[in-house]
Each structure stands twice: as C-alpha cells, then as structure tokens.
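Q: Provided below: entry19.cif, containing mmCIF, C-alpha atoms.
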```cif
data_structure
loop_
_atom_site.label_atom_id
_atom_site.label_comp_id
_atom_site.auth_asym_id
_atom_site.auth_seq_id
_atom_site.Cartn_x
_atom_site.Cartn_y
_atom_site.Cartn_z
CA MET N 456 32.45 71.85 5.41
CA LYS N 457 31.94 70.39 1.94
CA LYS N 458 33.80 67.23 2.94
CA SER N 459 31.60 66.66 5.98
CA LEU N 460 28.46 67.13 3.85
CA ILE N 461 29.63 64.47 1.40
CA ILE N 462 30.34 62.02 4.23
CA ALA N 463 26.91 62.69 5.73
CA ALA N 464 25.22 62.13 2.36
CA ALA N 465 27.14 58.90 1.83
CA LEU N 466 26.09 57.62 5.24
CA ALA N 467 22.47 58.56 4.59
CA LEU N 468 22.47 56.77 1.23
CA ALA N 469 24.24 53.62 2.39
CA PRO N 470 21.13 51.81 3.73
CA THR N 471 19.27 52.63 0.50
CA PHE N 472 21.99 50.97 -1.59
CA ALA N 473 22.11 47.95 0.72
CA ALA N 474 18.33 47.51 0.38
CA ALA N 475 18.35 47.76 -3.41
CA GLU N 476 18.03 44.07 -4.14
CA SER N 477 16.73 42.81 -7.47
CA PHE N 478 13.78 40.44 -7.59
CA GLN N 479 16.08 37.70 -8.86
CA GLU N 480 18.44 38.19 -5.93
CA ALA N 481 15.58 38.17 -3.44
CA PHE N 482 14.06 35.07 -5.04
CA GLU N 483 17.35 33.17 -5.07
CA MET N 484 18.24 34.09 -1.50
CA ASN N 485 14.83 33.00 -0.20
CA ARG N 486 14.86 29.86 -2.31
CA ALA N 487 18.32 28.93 -1.01
CA MET N 488 17.33 29.61 2.59
CA TYR N 489 13.81 28.17 2.71
CA GLY N 490 13.39 25.89 -0.34
CA THR N 491 10.23 25.74 -2.42
CA ASP N 492 6.79 27.18 -1.50
CA HIS N 493 8.14 29.81 0.87
CA THR N 494 6.44 33.21 0.80
CA PHE N 495 8.59 36.32 0.86
CA ALA N 496 8.04 40.04 0.45
CA TRP N 497 9.76 42.13 -2.19
CA ASN N 498 9.02 45.79 -2.86
CA GLY N 499 5.86 45.58 -0.81
CA LYS N 500 4.37 42.53 -2.56
CA GLN N 501 4.24 38.85 -1.67
CA TYR N 502 5.91 36.17 -3.80
CA THR N 503 6.68 32.47 -3.42
CA THR N 504 9.91 30.61 -4.02
CA THR N 505 8.30 28.05 -6.34
CA HIS N 506 9.88 27.41 -9.74
CA GLU N 507 7.52 27.48 -12.71
CA GLU N 508 8.35 23.83 -13.47
CA GLU N 509 7.30 22.80 -9.97
CA VAL N 510 3.94 24.39 -10.62
CA GLU N 511 3.72 22.57 -13.97
CA ALA N 512 4.37 19.23 -12.24
CA ARG N 513 1.52 19.78 -9.77
CA VAL N 514 -1.17 18.48 -12.07
CA LYS N 515 -3.11 15.23 -11.93
CA PRO N 516 -0.50 12.47 -12.46
CA THR N 517 -1.84 11.00 -15.68
CA LYS N 518 -0.05 9.61 -18.70
CA ALA N 519 -1.23 12.52 -20.86
CA ASN N 520 -0.03 15.16 -18.38
CA ALA N 521 3.34 13.44 -17.96
CA GLU N 522 3.85 13.17 -21.70
CA ALA N 523 2.88 16.80 -22.19
CA LEU N 524 5.47 18.00 -19.68
CA ILE N 525 8.12 15.71 -21.19
CA ALA N 526 7.36 17.26 -24.60
CA LYS N 527 7.84 20.74 -23.09
CA ALA N 528 11.15 19.66 -21.56
CA GLU N 529 12.35 18.22 -24.86
CA ALA N 530 11.42 21.40 -26.72
CA LYS N 531 13.21 23.58 -24.19
CA ASN N 532 16.27 21.35 -24.26
CA LYS N 533 16.37 21.50 -28.05
CA GLU N 534 16.33 25.27 -27.75
CA VAL N 535 19.30 25.36 -25.36
CA ALA N 536 21.21 22.76 -27.40
CA GLU N 537 20.91 24.98 -30.46
CA LEU N 538 22.50 27.77 -28.44
CA GLY N 539 25.39 25.42 -27.52
CA PHE N 540 24.61 25.57 -23.81
CA GLU N 541 22.95 22.22 -23.17
CA TRP N 542 23.69 20.69 -19.78
CA LYS N 543 25.11 17.21 -19.49
CA LEU N 544 22.43 15.41 -17.50
CA THR N 545 19.28 16.77 -19.14
CA ARG N 546 18.83 14.16 -21.88
CA GLY N 547 19.31 11.36 -19.35
CA ILE N 548 16.67 12.89 -17.09
CA ILE N 549 14.22 13.06 -20.00
CA LYS N 550 15.02 9.44 -20.79
CA ASP N 551 14.30 8.51 -17.16
CA ALA N 552 11.01 10.44 -17.32
CA LYS N 553 9.95 8.45 -20.39
CA ALA N 554 10.90 5.21 -18.64
CA ALA N 555 8.75 6.26 -15.67
CA VAL N 556 5.79 6.82 -18.02
CA ALA N 557 6.34 3.33 -19.45
CA GLU N 558 6.25 1.96 -15.91
CA GLY N 559 3.06 3.85 -15.12
CA GLU N 560 4.82 6.06 -12.55
CA TYR N 561 3.29 9.31 -13.74
CA GLN N 562 4.13 11.53 -10.76
CA LYS N 563 7.76 10.45 -10.99
CA ALA N 564 7.68 11.21 -14.71
CA LEU N 565 6.22 14.67 -14.05
CA ASP N 566 8.89 15.47 -11.46
CA LEU N 567 11.70 14.33 -13.76
CA ALA N 568 10.31 16.24 -16.73
CA ALA N 569 10.04 19.34 -14.55
CA GLN N 570 13.66 18.95 -13.52
CA ALA N 571 14.79 18.55 -17.15
CA LYS N 572 12.82 21.59 -18.26
CA TYR N 573 14.32 23.62 -15.40
CA HIS N 574 17.84 22.59 -16.50
CA ALA N 575 17.10 23.71 -20.04
CA ARG N 576 15.50 26.99 -18.97
CA ILE N 577 18.44 27.90 -16.75
CA GLY N 578 20.85 26.88 -19.53
CA ILE N 579 19.14 29.42 -21.79
CA ALA N 580 19.41 32.08 -19.07
CA GLN N 581 23.09 31.14 -18.74
CA TYR N 582 23.58 31.65 -22.48
CA HIS N 583 22.09 35.14 -22.31
CA TYR N 584 24.19 35.97 -19.26
CA ALA N 585 27.30 34.79 -21.09
CA GLN N 586 26.55 37.01 -24.10
CA LYS N 587 26.54 40.07 -21.86
CA ASN N 588 29.24 39.18 -19.37
CA TRP N 589 31.79 36.81 -20.92
CA HIS N 590 34.36 39.59 -21.14
CA LEU N 591 34.43 40.26 -17.40
CA SER N 592 37.13 37.70 -16.63
CA VAL N 593 39.44 38.46 -19.56
CA PRO N 594 42.80 39.67 -18.21
CA GLN N 595 43.57 43.23 -19.29
CA MET S 1286 36.07 66.44 -10.88
CA GLY S 1287 37.28 66.75 -14.47
CA LEU S 1288 40.35 64.67 -13.69
CA THR S 1289 38.23 62.00 -12.04
CA LEU S 1290 36.00 61.70 -15.11
CA ALA S 1291 39.00 61.56 -17.44
CA ALA S 1292 40.59 58.80 -15.38
CA ALA S 1293 37.31 56.88 -15.28
CA SER S 1294 36.90 57.05 -19.05
CA GLN S 1295 40.44 55.71 -19.52
CA VAL S 1296 39.71 52.77 -17.28
CA THR S 1297 36.50 52.11 -19.19
CA SER S 1298 38.15 52.24 -22.58
CA ALA S 1299 40.93 49.90 -21.42
CA ALA S 1300 38.44 47.49 -19.90
CA ASP S 1301 36.13 47.19 -22.89
CA SER S 1302 38.74 46.76 -25.60
CA GLY S 1303 39.02 43.54 -27.50
CA PHE S 1304 35.53 42.15 -27.11
CA ASN S 1305 34.10 42.65 -30.56
CA LEU S 1306 35.30 42.37 -34.14
CA GLU S 1307 36.21 46.05 -34.35
CA THR S 1308 38.34 46.13 -31.22
CA VAL S 1309 39.66 42.60 -30.70
CA ASP S 1310 43.45 42.61 -30.49
CA PRO S 1311 45.01 39.12 -30.27
CA GLU S 1312 48.48 40.41 -29.49
CA ALA S 1313 47.14 42.54 -26.62
CA ASP S 1314 45.31 39.45 -25.35
CA ARG S 1315 48.48 37.39 -25.47
CA ILE S 1316 50.57 39.98 -23.67
CA ALA S 1317 47.85 40.57 -21.04
CA LEU S 1318 47.67 36.83 -20.37
CA GLN S 1319 51.44 36.62 -19.93
CA LYS S 1320 51.36 39.61 -17.58
CA TYR S 1321 48.55 38.00 -15.60
CA PHE S 1322 50.52 34.81 -15.05
CA LYS S 1323 53.74 36.67 -14.37
CA ALA S 1324 51.93 38.56 -11.59
CA ARG S 1325 50.31 35.39 -10.21
CA PHE S 1326 53.45 33.24 -10.33
CA PRO S 1327 56.46 35.59 -10.38
CA GLU S 1328 58.91 32.72 -9.90
CA SER S 1329 57.83 30.91 -13.08
CA GLU S 1330 59.48 31.66 -16.41
CA ILE S 1331 57.06 32.29 -19.27
CA SER S 1332 58.94 29.74 -21.41
CA ASP S 1333 58.27 27.06 -18.77
CA TYR S 1334 54.48 27.29 -19.18
CA VAL S 1335 54.73 24.68 -21.94
CA ASN S 1336 54.94 22.28 -18.99
CA GLY S 1337 51.46 23.17 -17.75
CA ILE S 1338 50.80 22.87 -14.02
CA TYR S 1339 54.40 21.72 -13.54
CA ALA S 1340 55.52 25.26 -14.31
CA VAL S 1341 53.79 26.60 -11.21
CA ASP S 1342 53.52 23.76 -8.68
CA ALA S 1343 56.81 22.41 -7.38
CA ALA S 1344 55.41 19.26 -5.78
CA SER S 1345 53.60 18.18 -8.95
CA ARG S 1346 56.71 18.96 -10.95
CA GLU S 1347 58.83 16.64 -8.87
CA GLN S 1348 56.48 13.73 -9.59
CA TRP S 1349 56.26 14.64 -13.27
CA GLU S 1350 60.05 14.79 -13.68
CA GLU S 1351 60.28 11.27 -12.32
CA LEU S 1352 57.54 10.19 -14.74
CA GLU S 1353 59.43 11.75 -17.64
CA GLU S 1354 62.48 9.56 -16.91
CA PHE S 1355 60.56 6.79 -18.67
CA PRO S 1356 58.02 8.77 -20.71
CA PRO S 1357 54.72 6.89 -20.93
CA TYR S 1358 54.13 8.19 -24.48
CA GLU S 1359 57.34 6.70 -25.87
CA PHE S 1360 55.71 3.60 -27.36
CA ASP S 1361 52.98 5.76 -28.90
CA VAL S 1362 55.56 7.91 -30.67
CA GLU S 1363 57.16 4.74 -32.08
CA LYS S 1364 53.77 3.41 -33.16
CA GLY S 1365 52.92 6.80 -34.63
CA GLU S 1366 56.11 6.79 -36.68
CA GLU S 1367 55.31 3.32 -37.98
CA LEU S 1368 51.76 4.37 -38.92
CA PHE S 1369 53.01 7.59 -40.48
CA ASN S 1370 55.43 5.67 -42.70
CA THR S 1371 53.06 2.85 -43.66
CA PRO S 1372 51.74 3.53 -47.18
CA PHE S 1373 47.99 3.69 -47.80
CA ALA S 1374 46.41 1.08 -50.13
CA ASN S 1375 47.04 3.43 -53.07
CA GLY S 1376 50.76 3.58 -52.31
CA LYS S 1377 50.75 7.15 -51.03
CA GLY S 1378 51.19 8.17 -47.40
CA TYR S 1379 50.78 10.94 -44.85
CA ALA S 1380 54.01 12.56 -46.00
CA ASP S 1381 52.38 13.28 -49.37
CA CYS S 1382 49.65 15.38 -47.77
CA PHE S 1383 51.71 17.79 -45.68
CA GLU S 1384 54.25 20.49 -46.17
CA ASN S 1385 57.84 19.28 -45.59
CA GLY S 1386 56.63 15.69 -45.71
CA GLY S 1387 54.80 16.24 -42.41
CA ILE S 1388 58.03 16.60 -40.43
CA GLY S 1389 58.51 19.52 -38.03
CA ILE S 1390 55.21 21.25 -38.79
CA ARG S 1391 53.11 20.80 -35.60
CA GLN S 1392 53.79 24.39 -34.54
CA ASN S 1393 51.95 25.69 -37.61
CA TYR S 1394 48.61 24.27 -36.44
CA PRO S 1395 45.86 25.30 -36.25
CA TYR S 1396 45.81 27.78 -39.10
CA TRP S 1397 43.23 29.83 -40.99
CA ASN S 1398 42.34 28.36 -44.38
CA LYS S 1399 41.06 31.20 -46.52
CA GLU S 1400 39.77 28.99 -49.34
CA GLU S 1401 37.67 26.89 -47.01
CA GLY S 1402 36.86 29.82 -44.70
CA THR S 1403 37.62 27.84 -41.56
CA VAL S 1404 40.26 26.93 -38.98
CA LYS S 1405 42.14 23.73 -39.80
CA THR S 1406 43.68 21.53 -37.13
CA LEU S 1407 46.41 18.92 -37.47
CA GLU S 1408 44.12 16.01 -36.59
CA GLN S 1409 41.54 17.28 -39.07
CA GLU S 1410 44.13 17.26 -41.86
CA ILE S 1411 45.40 13.82 -40.83
CA ASN S 1412 41.90 12.47 -41.45
CA GLU S 1413 41.43 14.52 -44.62
CA CYS S 1414 44.67 13.01 -45.89
CA ARG S 1415 43.32 9.53 -45.25
CA GLU S 1416 40.01 10.23 -46.97
CA ALA S 1417 41.69 11.84 -49.97
CA ASN S 1418 43.64 8.62 -50.38
CA GLY S 1419 40.69 6.27 -50.06
CA GLU S 1420 41.19 5.37 -46.39
CA LYS S 1421 38.56 5.54 -43.64
CA PRO S 1422 38.92 8.47 -41.23
CA LEU S 1423 40.14 7.66 -37.73
CA LYS S 1424 38.16 8.34 -34.56
CA TRP S 1425 39.10 11.75 -33.18
CA GLY S 1426 39.91 11.16 -29.54
CA LYS S 1427 42.49 8.44 -29.13
CA GLY S 1428 44.28 5.53 -30.75
CA GLU S 1429 45.91 5.89 -34.16
CA ILE S 1430 45.03 9.55 -34.73
CA ALA S 1431 46.67 10.49 -31.44
CA GLN S 1432 49.70 8.32 -32.25
CA VAL S 1433 50.24 9.87 -35.71
CA SER S 1434 49.74 13.32 -34.20
CA ALA S 1435 52.20 12.45 -31.40
CA TYR S 1436 54.86 11.43 -33.90
CA MET S 1437 54.36 14.63 -35.88
CA ALA S 1438 54.57 16.66 -32.65
CA TRP S 1439 57.72 14.78 -31.68
CA THR S 1440 59.41 15.79 -34.94
CA SER S 1441 58.44 19.42 -34.19
CA ARG S 1442 59.79 19.67 -30.67
CA ASP S 1443 61.41 23.00 -29.78
CA LYS S 1444 59.89 24.80 -32.75
CA GLU S 1445 58.06 28.00 -31.79
CA PHE S 1446 54.35 28.48 -32.30
CA ASP S 1447 53.65 31.48 -34.50
CA ILE S 1448 49.95 31.25 -35.28
CA GLN S 1449 48.83 33.88 -37.78
CA ILE S 1450 45.49 35.63 -37.99
CA PRO S 1451 45.38 37.03 -41.52
CA THR S 1452 44.25 40.63 -41.64
CA ASP S 1453 42.94 40.32 -45.19
CA ASP S 1454 40.11 38.01 -44.14
CA LYS S 1455 37.77 39.24 -41.41
CA ARG S 1456 36.47 35.71 -40.93
CA ALA S 1457 39.82 34.70 -39.43
CA MET S 1458 39.52 37.35 -36.71
CA ALA S 1459 35.89 36.35 -36.18
CA ALA S 1460 37.03 32.76 -35.61
CA TYR S 1461 39.64 33.95 -33.11
CA LEU S 1462 37.05 36.08 -31.30
CA ASP S 1463 34.62 33.16 -31.24
CA GLY S 1464 37.29 30.98 -29.63
CA LYS S 1465 38.09 33.68 -27.10
CA LYS S 1466 34.41 34.10 -26.24
CA PHE S 1467 34.01 30.34 -25.87
CA PHE S 1468 36.95 30.25 -23.46
CA TYR S 1469 35.56 32.97 -21.20
CA ALA S 1470 31.83 32.07 -21.29
CA LYS S 1471 30.38 30.18 -18.33
CA ARG S 1472 28.47 27.05 -19.26
CA GLY S 1473 27.17 23.81 -17.81
CA GLN S 1474 25.33 23.02 -14.60
CA LEU S 1475 28.37 24.02 -12.52
CA ASN S 1476 28.39 27.43 -14.26
CA LEU S 1477 32.10 27.37 -15.09
CA SER S 1478 34.05 28.86 -17.95
CA CYS S 1479 37.37 27.45 -19.18
CA ALA S 1480 38.91 30.58 -17.64
CA ASN S 1481 37.40 29.96 -14.20
CA CYS S 1482 39.64 26.92 -13.86
CA HIS S 1483 42.55 27.71 -16.17
CA VAL S 1484 43.03 31.45 -15.56
CA GLN S 1485 41.59 32.49 -12.19
CA GLY S 1486 41.62 28.91 -10.87
CA THR S 1487 45.12 27.93 -11.93
CA ASN S 1488 46.90 25.96 -9.20
CA ILE S 1489 43.88 26.22 -6.87
CA ALA S 1490 42.75 22.76 -5.79
CA ILE S 1491 39.52 21.33 -7.18
CA ARG S 1492 39.26 18.34 -4.89
CA ALA S 1493 42.62 16.63 -5.51
CA ASP S 1494 43.35 18.32 -8.84
CA LEU S 1495 45.27 21.48 -9.62
CA PRO S 1496 44.04 23.15 -12.83
CA SER S 1497 46.77 24.00 -15.31
CA PRO S 1498 47.42 27.51 -16.66
CA GLN S 1499 45.85 28.53 -19.97
CA LEU S 1500 49.23 29.87 -21.09
CA GLY S 1501 51.01 26.98 -22.81
CA HIS S 1502 47.90 24.81 -22.71
CA VAL S 1503 48.07 23.37 -26.18
CA THR S 1504 51.81 23.08 -26.75
CA HIS S 1505 52.20 19.56 -25.38
CA PHE S 1506 49.27 17.80 -27.06
CA PRO S 1507 48.52 15.03 -27.69
CA VAL S 1508 49.10 13.88 -24.12
CA PHE S 1509 49.40 10.62 -22.27
CA ARG S 1510 47.16 11.15 -19.23
CA SER S 1511 47.65 8.87 -16.27
CA LYS S 1512 43.89 9.11 -15.69
CA TRP S 1513 43.24 7.78 -19.21
CA GLY S 1514 46.11 5.32 -19.12
CA GLU S 1515 46.68 6.15 -22.78
CA LEU S 1516 47.31 8.88 -25.28
CA GLY S 1517 44.54 11.33 -26.23
CA THR S 1518 44.01 14.38 -28.43
CA LEU S 1519 43.29 17.96 -27.40
CA HIS S 1520 39.66 17.64 -28.47
CA ARG S 1521 39.25 14.57 -26.27
CA ARG S 1522 40.46 16.74 -23.40
CA TYR S 1523 38.00 19.48 -24.37
CA SER S 1524 35.17 16.93 -24.11
CA GLY S 1525 36.35 15.82 -20.68
CA CYS S 1526 36.58 19.40 -19.41
CA HIS S 1527 33.07 20.18 -20.55
CA LYS S 1528 31.67 17.03 -19.01
CA ASP S 1529 33.42 17.96 -15.75
CA SER S 1530 31.49 21.22 -15.67
CA ARG S 1531 28.31 19.23 -16.49
CA SER S 1532 28.04 20.72 -19.94
CA ASN S 1533 27.08 18.59 -22.91
CA PRO S 1534 30.27 18.75 -24.97
CA LEU S 1535 30.37 19.62 -28.65
CA LYS S 1536 31.63 16.92 -30.98
CA PRO S 1537 35.43 16.76 -31.45
CA GLN S 1538 36.58 19.01 -34.29
CA ALA S 1539 33.30 20.97 -34.28
CA GLU S 1540 33.89 24.45 -35.69
CA ARG S 1541 33.60 26.16 -32.29
CA LEU S 1542 36.17 23.81 -30.76
CA ARG S 1543 38.56 24.45 -33.64
CA ASN S 1544 38.06 28.17 -33.03
CA LEU S 1545 38.81 27.56 -29.36
CA GLU S 1546 42.03 25.77 -30.34
CA TYR S 1547 42.89 28.70 -32.65
CA PHE S 1548 42.49 31.19 -29.79
CA GLN S 1549 44.32 29.02 -27.28
CA THR S 1550 47.23 28.33 -29.59
CA TYR S 1551 47.61 32.00 -30.46
CA MET S 1552 47.91 32.64 -26.71
CA SER S 1553 50.93 30.29 -26.78
CA ASN S 1554 52.69 32.06 -29.64
CA GLY S 1555 56.38 32.33 -28.85
CA LEU S 1556 56.34 29.14 -26.80
CA ILE S 1557 57.73 25.91 -28.19
CA ALA S 1558 55.98 22.75 -29.30
CA ASN S 1559 56.82 20.05 -26.74
CA GLY S 1560 54.30 17.33 -27.48
CA PRO S 1561 53.53 14.67 -26.79
CA GLY S 1562 53.32 15.31 -23.06
CA ALA S 1563 52.65 13.31 -19.92
CA ARG S 1564 49.98 14.58 -17.55
CA LYS S 1565 48.19 13.36 -14.44
#
```
Spit out the file's structure as structure tokens when you get a sec.
A:
Amino acid sequence: MKKSLIIAAALALAPTFAAAESFQEAFEMNRAMYGTDHTFAWNGKQYTTTHEEEVEARVKPTKANAEALIAKAEAKNKEVAELGFEWKLTRGIIKDAKAAVAEGEYQKALDLAAQAKYHARIGIAQYHYAQKNWHLSVPQ
Amino acid sequence: MGLTLAAASQVTSAADSGFNLETVDPEADRIALQKYFKARFPESEISDYVNGIYAVDAASREQWEELEEFPPYEFDVEKGEELFNTPFANGKGYADCFENGGIGIRQNYPYWNKEEGTVKTLEQEINECREANGEKPLKWGKGEIAQVSAYMAWTSRDKEFDIQIPTDDKRAMAAYLDGKKFFYAKRGQLNLSCANCHVQGTNIAIRADLPSPQLGHVTHFPVFRSKWGELGTLHRRYSGCHKDSRSNPLKPQAERLRNLEYFQTYMSNGLIANGPGARK
C-alpha cells in the first residue's frame, strides 16, 4: 500500500519537476532556437531573447555613441582580465571597433563593441560559475 | 530511512573533500587520479603514463616509437649541453647555481621556496642564474632556455618525481590548491577546463587530435612538438592550450601557472623524469 502511494506521488510530481526551468535556461533555450528579438513566456510573463549589449548597440550610429560603447567594453574587459578569465578574441574585437570608428563606420563599431562587451560579461559570469563549481570534475 | 541518510552523508563528505585549504589532500588527489585512469584504461600501466597519449592509444604509440628511433630532440640536448657548459662572461656557469652542479635534478622541480614564499620552476631558476651572473634572461618559451632545460632533464632521466608540499608553511598548500583549482576551472570562449580535455577527454578525438592524460603530463618536458617543429617549454604549451580554448593566456612563469605546474607535477609523483620528449 505504502509503496503504491509513493509511486503515485512520484508520478504526480514528475511533470512539476520537468517544468521547473530557471529563467536562464528558458532564455538560453529560446535564444538558441529563435535568435535575438524573440518573445517567450516564463512563469506567466513575457520576455525577449535580446542580449543587453544588443540593446546598447541600437542607438543612433554616431561617433560619440560608438566611442561610449567601446569604453564600456574596455572597462568590462579590464574587469574580466583582472579575474584571470579574459577571452582570447576580445581585445582584437575592440581594436576592430576602434578602427571602424576611425573609418567613420559607426554602426559597425557599435556592433563590434557590443560583441566585445558581451564576451567580457560572459567571461565574468564564467569566473563566478568556476568559483562555485570547479570541484565537480575532480576525480574522487 | 536512517540508513539512507547515513549513506547520503557519507557520499557528500567524500565528494566535498579536498576543495579548500582545510580539507585539501594532495596524496588523496594523486591516488584518485591514478584510480580514475586505471578504470578508464585498464590495459595501461601507471608507470607508462610518462609517455602521454602513447600510453593509452596504440596507433599513436606505433608512430611515436618510430619517431623515437631518431629522436628529434637529440640535437637540442647536444646544444643544451654546450650552452650549459659555456661559462658566463664572469667565468661562472649554470653548474654554479644548482645543487649537484645541475646534473640529475630535474625531478626536484618545481618546489616550494619558503624564503621567497613562492613555487620555483627549473626554467625560472635557469634565468635567475643568468641574471645573478650578469647575463640577460632568456625568453621563456623556446630556444636556449628549452635547450638548457632539455639537457638538464636528459641528465635526470629515470629519476622519480617526489614533489614535496611542506606542512610547516600553509602558503605551499595554498599554492597547490590554486594550481588544482586552475586545472579544473572552465575558462575561455569554448568554456573548457584543462580537465575537460586531459581527464574526461583523454583519448577522445578533438578533430584529429587525441588529448593526453593529465597523469604523467609534465614528466617529459621540454618537448619537441612536430607541430612546432622545434623544442618548447611546458609554459609555452600552457599558452597554446589556453589559446586553443580561446582564453587569453597568462604570461609564461606567472605565479598561477607555476602553481599549476606544482599541482600537475605532484600528480606525477612516483613517475620518472623522461624529458625531453617528442610529441605530435
């Protein structure tokens, strides 16, 4: 009797566990499936799959706006470098963004700066993940 | 119910040991790593891991054994011996800087230097020797430093690594733990840790390459890599690995990389020095 009750409870709870998806998981799945600017629902609310850097790049393509976003990318990259988790391509992307400004290609510069800032931001997230989880693959 | 909880707590305590300064146990790490590889590759002898991927992949080994018939590092060892024995401008030489005249000592590196409060590597002390005698330091990755190191490794062949972590200086254990953490932390755009390739990924193809096992990783350095077409140091290899995972590498001989070498070499305690080596 007891055994059958446990099995019934487990079956009843299974869909609840399957549905328990974090916002990050929902965001990443929708982003991977539909790309940017897709609207999805999570816990009864609507969200979009746009990265914050993509929003930052959607300003008027002027020299001042491009330089401001490049400065943000540089600051973020300095932050991740100090943590020892800088990605390999980021400095080159920032360099390309500056070259685009010099050429007067401000939208290109904004897009590149956004990409560099995204790299740095995810590198910082990676650092924090590593602090909590590095031990998981140590053989015991 | 009680039994279940007791069993669960045992699993938990086993699984979270060794990850902070209070619990880290280098010897338990070393034994666990050996057990891991023994389970993964039961046919391979632990002592053979000094040969890297050739300990676990028969096809690669066949090619490597043919390569070793005329070792590509041979000329570098000869050049290294010549450099080692050429006096500095002040008349002194490398032999004056090292214990036992620098012969047969590779297996003692890296070591914890209590006075300086840091891990010292062989290449680091080669350059310190030069500077102490009025010579310019050599570049870290290749060329003369790798050749001198190769000669010193050659004179140390078959000697067992027995890296010590002094218990009277907590900083030594902190350096070991830092190296261990570095090895297991994911980094770079490809989100890979050293362990992803060299523990879990050992002998699993990454395109055309088969990653080598972490056990025995450092014993054969410096190495002549066919890809490089020349001899290179361990820290040059570290840079390459990090670039491969799209991480911006630390500078050779940076403290964290020396800590990494300290951890990795401790994992190879009991194995013999067999550098220089030849690798793909």
Q: Just to confirm, what's the straight-line distance from CA of Leu538 in chain N to CA of Arg1315 in chain S in Å (one decimal)?
A: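 CA of Leu538 in chain N sits 27.9 Å away from CA of Arg1315 in chain S.
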Q: With only C-alpha atoms as the basis for distance, which of S:Pro1451, S:Gly1426, S:Gly1365, S:Pro1498 is at the shortest distance from Lys1399 in chain S?
A: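 Among the listed residues, the smallest separation from Lys1399 in chain S belongs to S:Pro1451.
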Q: Run the PyMOL selection byres ((chain N) within 10 of (chain S)) on the file and write out the hits as a ChimeraX atom specification.
A: /N:536,539-546,574-575,577-579,581-582,584-595
Q: Quick one: write out the picked residues with C-alpha atoms as a PDB file, in the frame of the given file?
A:
```pdb
ATOM      1  CA  ALA N 536      21.210  22.760 -27.400  1.00  0.00           C
ATOM      2  CA  GLY N 539      25.390  25.420 -27.520  1.00  0.00           C
ATOM      3  CA  PHE N 540      24.610  25.570 -23.810  1.00  0.00           C
ATOM      4  CA  GLU N 541      22.950  22.220 -23.170  1.00  0.00           C
ATOM      5  CA  TRP N 542      23.690  20.690 -19.780  1.00  0.00           C
ATOM      6  CA  LYS N 543      25.110  17.210 -19.490  1.00  0.00           C
ATOM      7  CA  LEU N 544      22.430  15.410 -17.500  1.00  0.00           C
ATOM      8  CA  THR N 545      19.280  16.770 -19.140  1.00  0.00           C
ATOM      9  CA  ARG N 546      18.830  14.160 -21.880  1.00  0.00           C
ATOM     10  CA  HIS N 574      17.840  22.590 -16.500  1.00  0.00           C
ATOM     11  CA  ALA N 575      17.100  23.710 -20.040  1.00  0.00           C
ATOM     12  CA  ILE N 577      18.440  27.900 -16.750  1.00  0.00           C
ATOM     13  CA  GLY N 578      20.850  26.880 -19.530  1.00  0.00           C
ATOM     14  CA  ILE N 579      19.140  29.420 -21.790  1.00  0.00           C
ATOM     15  CA  GLN N 581      23.090  31.140 -18.740  1.00  0.00           C
ATOM     16  CA  TYR N 582      23.580  31.650 -22.480  1.00  0.00           C
ATOM     17  CA  TYR N 584      24.190  35.970 -19.260  1.00  0.00           C
ATOM     18  CA  ALA N 585      27.300  34.790 -21.090  1.00  0.00           C
ATOM     19  CA  GLN N 586      26.550  37.010 -24.100  1.00  0.00           C
ATOM     20  CA  LYS N 587      26.540  40.070 -21.860  1.00  0.00           C
ATOM     21  CA  ASN N 588      29.240  39.180 -19.370  1.00  0.00           C
ATOM     22  CA  TRP N 589      31.790  36.810 -20.920  1.00  0.00           C
ATOM     23  CA  HIS N 590      34.360  39.590 -21.140  1.00  0.00           C
ATOM     24  CA  LEU N 591      34.430  40.260 -17.400  1.00  0.00           C
ATOM     25  CA  SER N 592      37.130  37.700 -16.630  1.00  0.00           C
ATOM     26  CA  VAL N 593      39.440  38.460 -19.560  1.00  0.00           C
ATOM     27  CA  PRO N 594      42.800  39.670 -18.210  1.00  0.00           C
ATOM     28  CA  GLN N 595      43.570  43.230 -19.290  1.00  0.00           C
TER      29      GLN N 595
END
```
Q: Take the PyMOL selection byres ((chain S and resi 1382-1391) around 8), apply it to the structure above, and return the hits as a VMD selection string.
A: chain S and resid 1378 to 1381 1392 to 1394 1407 1414 1437 to 1442 1444 1558
Q: Any idea what the distance is between CA of Gly1517 in chain S and CA of Val1433 in chain S?
A: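 A separation of 11.2 Å between them.
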